[in-house]
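Down below is the structure, laid out as structure tokens.
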Amino acid sequence: MSESSPDVPLIRVRGLHQHFGDNHVLRGVDLDVHKGETLCLLSSSGGGKTVLVKHMLGLMQPDKGTIEVDGVDISHMRERHLGPVRKKLGMMFQNSALFDSMTVAQNIAFPLHEQGIKDINELNRRVSDVLEIVRLPGQENKMPSDLSGGMKKRVALARAIVDRPTCVCYDEPHAGLDPITAGSIDKLIKRLQHDFGITNIVITHELRSVFRIADRIIFMKDGTVYWQGTPAEMQVSQDPVLTSFLTGDDSETHA
């Protein structure tokens with residue numbers, strides 16, 4: 001975990017704008033991500049959630065605005081300087097993004113190899129440790145083709161945390177999973193928060209999971225933060241846009 005002041009948000013976004021041609025995807029986003037929380041990002045499709053998270057990871061540079069990670073402004077930081085910042089941030093991709101030609105162990109160890117870690121004993125130990133955390137002990141030698149959808153998600157999560165990040169971002173972690181398997185992923189997300197102090201940022205459309213795992217929800221509309229609050233506050237909100245989204249009639253969210 002970071003040793004900076006607890007009063008400093010882990011991630012601070014201010015006045016963030018991003019265009020893709022004529023498409024103004026982010027329109028002045030302001031938000032804070034607090035250390036140790038599970039924050040869920042919601043919107044209708046195309047609401048800018050994934051683009052926002054890519055900015056947080058330093059994968060994009062904004063047209064306007066700032067992104068700070070642990071007090072460091074990464075908005076226009078050069079690629080070669082982003083390494084220490086990215087080490088604090090793990091990413092679990094929507095489709096797991098495992099390398100089909102690599103074993104489970106090789107997939108998980110890939111970020112460590114990228115950092116130049118060569119010691120086979122250290123690599124094996126760290127892979128074994130994270131497989132225990134995600135409840136897949138002894139699966140090192142399996143290939144992705146041997147795994148169920150839920151197991152692939154767990155391997156992807158193991159790879160995201162093998163470098164001991166402060167924060168993990170999840171892009172639709174429940175996509176393609178049945179409710180029971182999705183519930184097991186939710187338990188892992190909360191375990192990382194409670195047992196290891198990891199901050200979670202979750203992009204998802206699964207409201208059942210949101211209400212299980214979120215400490216705080218940010219709802220985006222038209223490229224800005226429209227609403228934020230707790231799951232309990234969202235469930236009792238009388239706001240017509242939120243009500244339409246929660247009931248599945250999101251015509252209001254496109255207005």
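Chain lettering (A, B, ...) mirrors the order of the structure tokens, residue numbering begins at 1 for each chain separately, and ligand numbering begins at 1 in order of display.
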
Original post:
Hey, what's within 8 Å of A:Leu16 if we count only C-alpha atoms and toss same-chain stuff fewer than 2 positions away? As JSON, numbers by chain, please?
Top reply: {"A": [13, 14, 18, 26, 27, 28, 29, 30, 62, 63, 64, 65, 66, 67]}

Original post:
Nearest to A:Lys152: which of A:Leu31, A:Ala97, A:Ile203, A:Ile198 is it, counting only C-alpha atoms?
Top reply: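 For A:Lys152, the nearest of the given residues is A:Ala97.
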
**OP:** Return as JSON, numbers by chain the full set of residues in stretch 86-190 of chain A whose backbone-based DSSP assignment is alpha helix (DSSP H).
**Re:** {"A": [86, 104, 105, 106, 107, 108, 109, 110, 111, 112, 113, 114, 120, 121, 122, 123, 124, 125, 126, 127, 128, 129, 130, 131, 132, 133, 149, 150, 151, 152, 153, 154, 155, 156, 157, 158, 159, 160, 161, 179, 180, 181, 182, 183, 184, 185, 186, 187, 188, 189, 190]}

Using N, CA and C atoms, can you write the selected residues to a file as a short mmCIF file (atom, residue, chain, number, x, y, z; two decimals), in the first residue's frame?
data_model
loop_
_atom_site.label_atom_id
_atom_site.label_comp_id
_atom_site.auth_asym_id
_atom_site.auth_seq_id
_atom_site.Cartn_x
_atom_site.Cartn_y
_atom_site.Cartn_z
N ARG A 86 2.16 2.64 -12.77
CA ARG A 86 1.40 1.46 -13.23
C ARG A 86 1.60 0.26 -12.32
N VAL A 104 -1.10 -21.57 -17.23
CA VAL A 104 -1.61 -20.67 -16.20
C VAL A 104 -0.45 -19.94 -15.51
N ALA A 105 0.57 -20.69 -15.13
CA ALA A 105 1.71 -20.07 -14.44
C ALA A 105 2.40 -19.04 -15.32
N GLN A 106 2.57 -19.35 -16.60
CA GLN A 106 3.25 -18.42 -17.50
C GLN A 106 2.41 -17.15 -17.71
N ASN A 107 1.09 -17.31 -17.79
CA ASN A 107 0.21 -16.15 -17.92
C ASN A 107 0.33 -15.24 -16.70
N ILE A 108 0.30 -15.85 -15.53
CA ILE A 108 0.33 -15.06 -14.30
C ILE A 108 1.68 -14.37 -14.13
N ALA A 109 2.75 -15.07 -14.49
CA ALA A 109 4.10 -14.53 -14.30
C ALA A 109 4.48 -13.51 -15.36
N PHE A 110 3.67 -13.35 -16.40
CA PHE A 110 4.04 -12.48 -17.51
C PHE A 110 4.41 -11.06 -17.07
N PRO A 111 3.63 -10.40 -16.18
CA PRO A 111 4.01 -9.05 -15.75
C PRO A 111 5.35 -9.02 -15.02
N LEU A 112 5.67 -10.10 -14.31
CA LEU A 112 6.94 -10.16 -13.59
C LEU A 112 8.11 -10.29 -14.55
N HIS A 113 7.93 -11.11 -15.60
CA HIS A 113 8.96 -11.21 -16.64
C HIS A 113 9.18 -9.85 -17.31
N GLU A 114 8.08 -9.12 -17.54
CA GLU A 114 8.18 -7.81 -18.18
C GLU A 114 9.01 -6.85 -17.34
N ILE A 120 13.70 -18.10 -10.89
CA ILE A 120 12.61 -19.05 -11.07
C ILE A 120 11.93 -19.37 -9.75
N ASN A 121 12.68 -19.38 -8.66
CA ASN A 121 12.07 -19.67 -7.35
C ASN A 121 11.13 -18.56 -6.92
N GLU A 122 11.54 -17.32 -7.17
CA GLU A 122 10.66 -16.19 -6.83
C GLU A 122 9.42 -16.21 -7.71
N LEU A 123 9.60 -16.45 -8.99
CA LEU A 123 8.45 -16.49 -9.90
C LEU A 123 7.47 -17.58 -9.47
N ASN A 124 7.97 -18.77 -9.18
CA ASN A 124 7.10 -19.87 -8.79
C ASN A 124 6.38 -19.56 -7.47
N ARG A 125 7.12 -18.96 -6.53
CA ARG A 125 6.51 -18.65 -5.24
C ARG A 125 5.39 -17.63 -5.38
N ARG A 126 5.63 -16.60 -6.18
CA ARG A 126 4.62 -15.55 -6.31
C ARG A 126 3.40 -16.04 -7.09
N VAL A 127 3.63 -16.88 -8.10
CA VAL A 127 2.50 -17.47 -8.82
C VAL A 127 1.69 -18.36 -7.89
N SER A 128 2.37 -19.19 -7.12
CA SER A 128 1.68 -20.08 -6.18
C SER A 128 0.88 -19.29 -5.15
N ASP A 129 1.46 -18.19 -4.66
CA ASP A 129 0.79 -17.37 -3.64
C ASP A 129 -0.52 -16.79 -4.17
N VAL A 130 -0.49 -16.25 -5.40
CA VAL A 130 -1.71 -15.61 -5.89
C VAL A 130 -2.75 -16.65 -6.31
N LEU A 131 -2.31 -17.83 -6.74
CA LEU A 131 -3.28 -18.89 -7.04
C LEU A 131 -4.00 -19.33 -5.77
N GLU A 132 -3.31 -19.33 -4.64
CA GLU A 132 -3.97 -19.62 -3.36
C GLU A 132 -5.01 -18.55 -3.06
N ILE A 133 -4.66 -17.28 -3.30
CA ILE A 133 -5.57 -16.18 -2.99
C ILE A 133 -6.85 -16.29 -3.80
N GLY A 149 -15.00 -20.73 -17.74
CA GLY A 149 -15.03 -19.27 -17.79
C GLY A 149 -14.69 -18.63 -16.45
N GLY A 150 -15.24 -19.20 -15.37
CA GLY A 150 -14.96 -18.66 -14.05
C GLY A 150 -13.50 -18.83 -13.66
N MET A 151 -12.89 -19.96 -14.03
CA MET A 151 -11.48 -20.18 -13.73
C MET A 151 -10.59 -19.21 -14.50
N LYS A 152 -10.95 -18.93 -15.75
CA LYS A 152 -10.19 -17.96 -16.52
C LYS A 152 -10.22 -16.60 -15.86
N LYS A 153 -11.38 -16.21 -15.33
CA LYS A 153 -11.48 -14.93 -14.62
C LYS A 153 -10.56 -14.92 -13.41
N ARG A 154 -10.49 -16.03 -12.71
CA ARG A 154 -9.64 -16.10 -11.52
C ARG A 154 -8.16 -16.02 -11.90
N VAL A 155 -7.78 -16.67 -12.99
CA VAL A 155 -6.40 -16.59 -13.45
C VAL A 155 -6.08 -15.14 -13.86
N ALA A 156 -7.02 -14.51 -14.56
CA ALA A 156 -6.82 -13.11 -14.94
C ALA A 156 -6.66 -12.22 -13.71
N LEU A 157 -7.44 -12.50 -12.67
CA LEU A 157 -7.33 -11.74 -11.43
C LEU A 157 -5.98 -12.01 -10.75
N ALA A 158 -5.56 -13.27 -10.77
CA ALA A 158 -4.24 -13.61 -10.20
C ALA A 158 -3.14 -12.83 -10.90
N ARG A 159 -3.23 -12.75 -12.23
CA ARG A 159 -2.22 -11.98 -12.98
C ARG A 159 -2.27 -10.50 -12.60
N ALA A 160 -3.48 -9.99 -12.36
CA ALA A 160 -3.63 -8.57 -12.02
C ALA A 160 -3.01 -8.23 -10.67
N ILE A 161 -2.96 -9.21 -9.75
CA ILE A 161 -2.47 -8.91 -8.40
C ILE A 161 -1.08 -9.47 -8.12
N PRO A 179 -24.87 -16.81 -12.36
CA PRO A 179 -24.97 -16.08 -11.09
C PRO A 179 -24.11 -16.64 -9.97
N ILE A 180 -23.98 -17.95 -9.88
CA ILE A 180 -23.19 -18.54 -8.79
C ILE A 180 -21.71 -18.21 -8.97
N THR A 181 -21.21 -18.35 -10.21
CA THR A 181 -19.81 -18.04 -10.47
C THR A 181 -19.55 -16.54 -10.30
N ALA A 182 -20.50 -15.71 -10.75
CA ALA A 182 -20.36 -14.26 -10.55
C ALA A 182 -20.27 -13.94 -9.06
N GLY A 183 -21.06 -14.64 -8.25
CA GLY A 183 -21.01 -14.43 -6.81
C GLY A 183 -19.65 -14.78 -6.23
N SER A 184 -19.01 -15.81 -6.78
CA SER A 184 -17.69 -16.19 -6.28
C SER A 184 -16.65 -15.13 -6.63
N ILE A 185 -16.80 -14.50 -7.79
CA ILE A 185 -15.90 -13.40 -8.16
C ILE A 185 -16.11 -12.22 -7.23
N ASP A 186 -17.36 -11.94 -6.89
CA ASP A 186 -17.65 -10.86 -5.94
C ASP A 186 -16.97 -11.10 -4.60
N LYS A 187 -17.00 -12.35 -4.14
CA LYS A 187 -16.35 -12.67 -2.86
C LYS A 187 -14.85 -12.43 -2.92
N LEU A 188 -14.24 -12.76 -4.07
CA LEU A 188 -12.81 -12.52 -4.23
C LEU A 188 -12.49 -11.03 -4.23
N ILE A 189 -13.32 -10.25 -4.91
CA ILE A 189 -13.11 -8.79 -4.94
C ILE A 189 -13.14 -8.23 -3.52
N LYS A 190 -14.12 -8.65 -2.74
CA LYS A 190 -14.22 -8.14 -1.37
C LYS A 190 -13.09 -8.69 -0.49
#

Show me, as CSV, the residues of stretch 23-126 of chain A having an atom within 12 Å of stretch 214-237 of chain A, each with the closest atom pair and its distance in Å, using only C-alpha atoms.
residue,atom,partner,partner_atom,distance
A:Asn23,CA,A:Gly223,CA,10.2
A:His24,CA,A:Gly223,CA,7.5
A:Val25,CA,A:Gly223,CA,5.4
A:Leu26,CA,A:Gly223,CA,4.2
A:Arg27,CA,A:Gly223,CA,4.9
A:Gly28,CA,A:Thr224,CA,6.1
A:Val29,CA,A:Thr224,CA,5.0
A:Asp30,CA,A:Val225,CA,6.9
A:Leu31,CA,A:Val225,CA,7.6
A:Asp32,CA,A:Ile218,CA,10.1
A:Val33,CA,A:Arg216,CA,9.5
A:His34,CA,A:Arg216,CA,9.7
A:Lys35,CA,A:Asp215,CA,11.5
A:Gly36,CA,A:Asp215,CA,9.7
A:Glu37,CA,A:Asp215,CA,6.2
A:Thr38,CA,A:Ala214,CA,5.2
A:Leu39,CA,A:Arg216,CA,5.1
A:Cys40,CA,A:Ile217,CA,4.9
A:Leu41,CA,A:Ile218,CA,5.0
A:Leu42,CA,A:Phe219,CA,4.7
A:Ser43,CA,A:Met220,CA,5.0
A:Ser44,CA,A:Lys221,CA,7.6
A:Ser45,CA,A:Lys221,CA,10.0
A:Gly46,CA,A:Gly223,CA,8.9
A:Gly47,CA,A:Gly223,CA,6.0
A:Gly48,CA,A:Gly223,CA,5.9
A:Lys49,CA,A:Met220,CA,7.5
A:Thr50,CA,A:Met220,CA,11.3
A:Val51,CA,A:Gly223,CA,10.0
A:Leu52,CA,A:Gly223,CA,9.4

What would the file look like if the residues just selected were written as a CSV table (one decimal), in the first residue's frame with C-alpha atoms?
chain,number,residue,atom,x,y,z
A,23,ASN,CA,-17.6,12.2,-30.2
A,24,HIS,CA,-17.1,14.1,-27.0
A,25,VAL,CA,-16.8,11.0,-24.7
A,26,LEU,CA,-15.7,12.6,-21.4
A,27,ARG,CA,-17.1,16.1,-20.7
A,28,GLY,CA,-15.4,17.4,-17.6
A,29,VAL,CA,-15.3,14.4,-15.2
A,30,ASP,CA,-14.5,15.1,-11.6
A,31,LEU,CA,-14.1,12.2,-9.1
A,32,ASP,CA,-12.0,10.8,-6.3
A,33,VAL,CA,-11.1,7.2,-5.7
A,34,HIS,CA,-10.5,6.7,-1.9
A,35,LYS,CA,-7.9,4.2,-0.6
A,36,GLY,CA,-9.3,0.9,0.4
A,37,GLU,CA,-12.8,1.2,-1.1
A,38,THR,CA,-14.7,-0.7,-3.7
A,39,LEU,CA,-16.0,1.8,-6.2
A,40,CYS,CA,-18.4,0.7,-8.9
A,41,LEU,CA,-18.8,2.7,-12.2
A,42,LEU,CA,-22.2,2.5,-13.8
A,43,SER,CA,-23.7,4.0,-17.0
A,44,SER,CA,-25.5,3.0,-20.1
A,45,SER,CA,-23.4,1.5,-22.9
A,46,GLY,CA,-21.0,4.1,-24.3
A,47,GLY,CA,-21.1,6.2,-21.2
A,48,GLY,CA,-17.3,6.6,-21.0
A,49,LYS,CA,-16.5,4.2,-18.1
A,50,THR,CA,-13.8,2.3,-19.9
A,51,VAL,CA,-12.2,5.4,-21.4
A,52,LEU,CA,-12.2,6.9,-17.9

Original post:
Which residue, A:Met143, A:Gly58, A:Asp100, A:Val210, has the smallest gap to A:His81 when you use only C-alpha atoms?
Top reply: A:Gly58

Subject >> Atom-to-atom span, atom CA of A:Leu207 and atom CA of A:Val134, Å >> reply: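 Computed distance, atom CA of A:Leu207 to atom CA of A:Val134, equals 22.8 Å.
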
Original post:
For A:Gly248, which residue out of A:His205, A:Ala175, A:Phe211, A:Ser148 is the nearest one, using only C-alpha atoms?
Top reply: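 Once distances to A:Gly248 are computed over only C-alpha atoms, the minimum belongs to A:His205.
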
**OP:** Would you please give, as number ranges by chain, all residues of stretch 14-235 of chain A that DSSP assigns to strand (DSSP E or B) based on the backbone?
**Re:** A: 14-20, 23-33, 38-42, 64-69, 72-73, 89-92, 167-171, 199-203, 216-221, 224-229
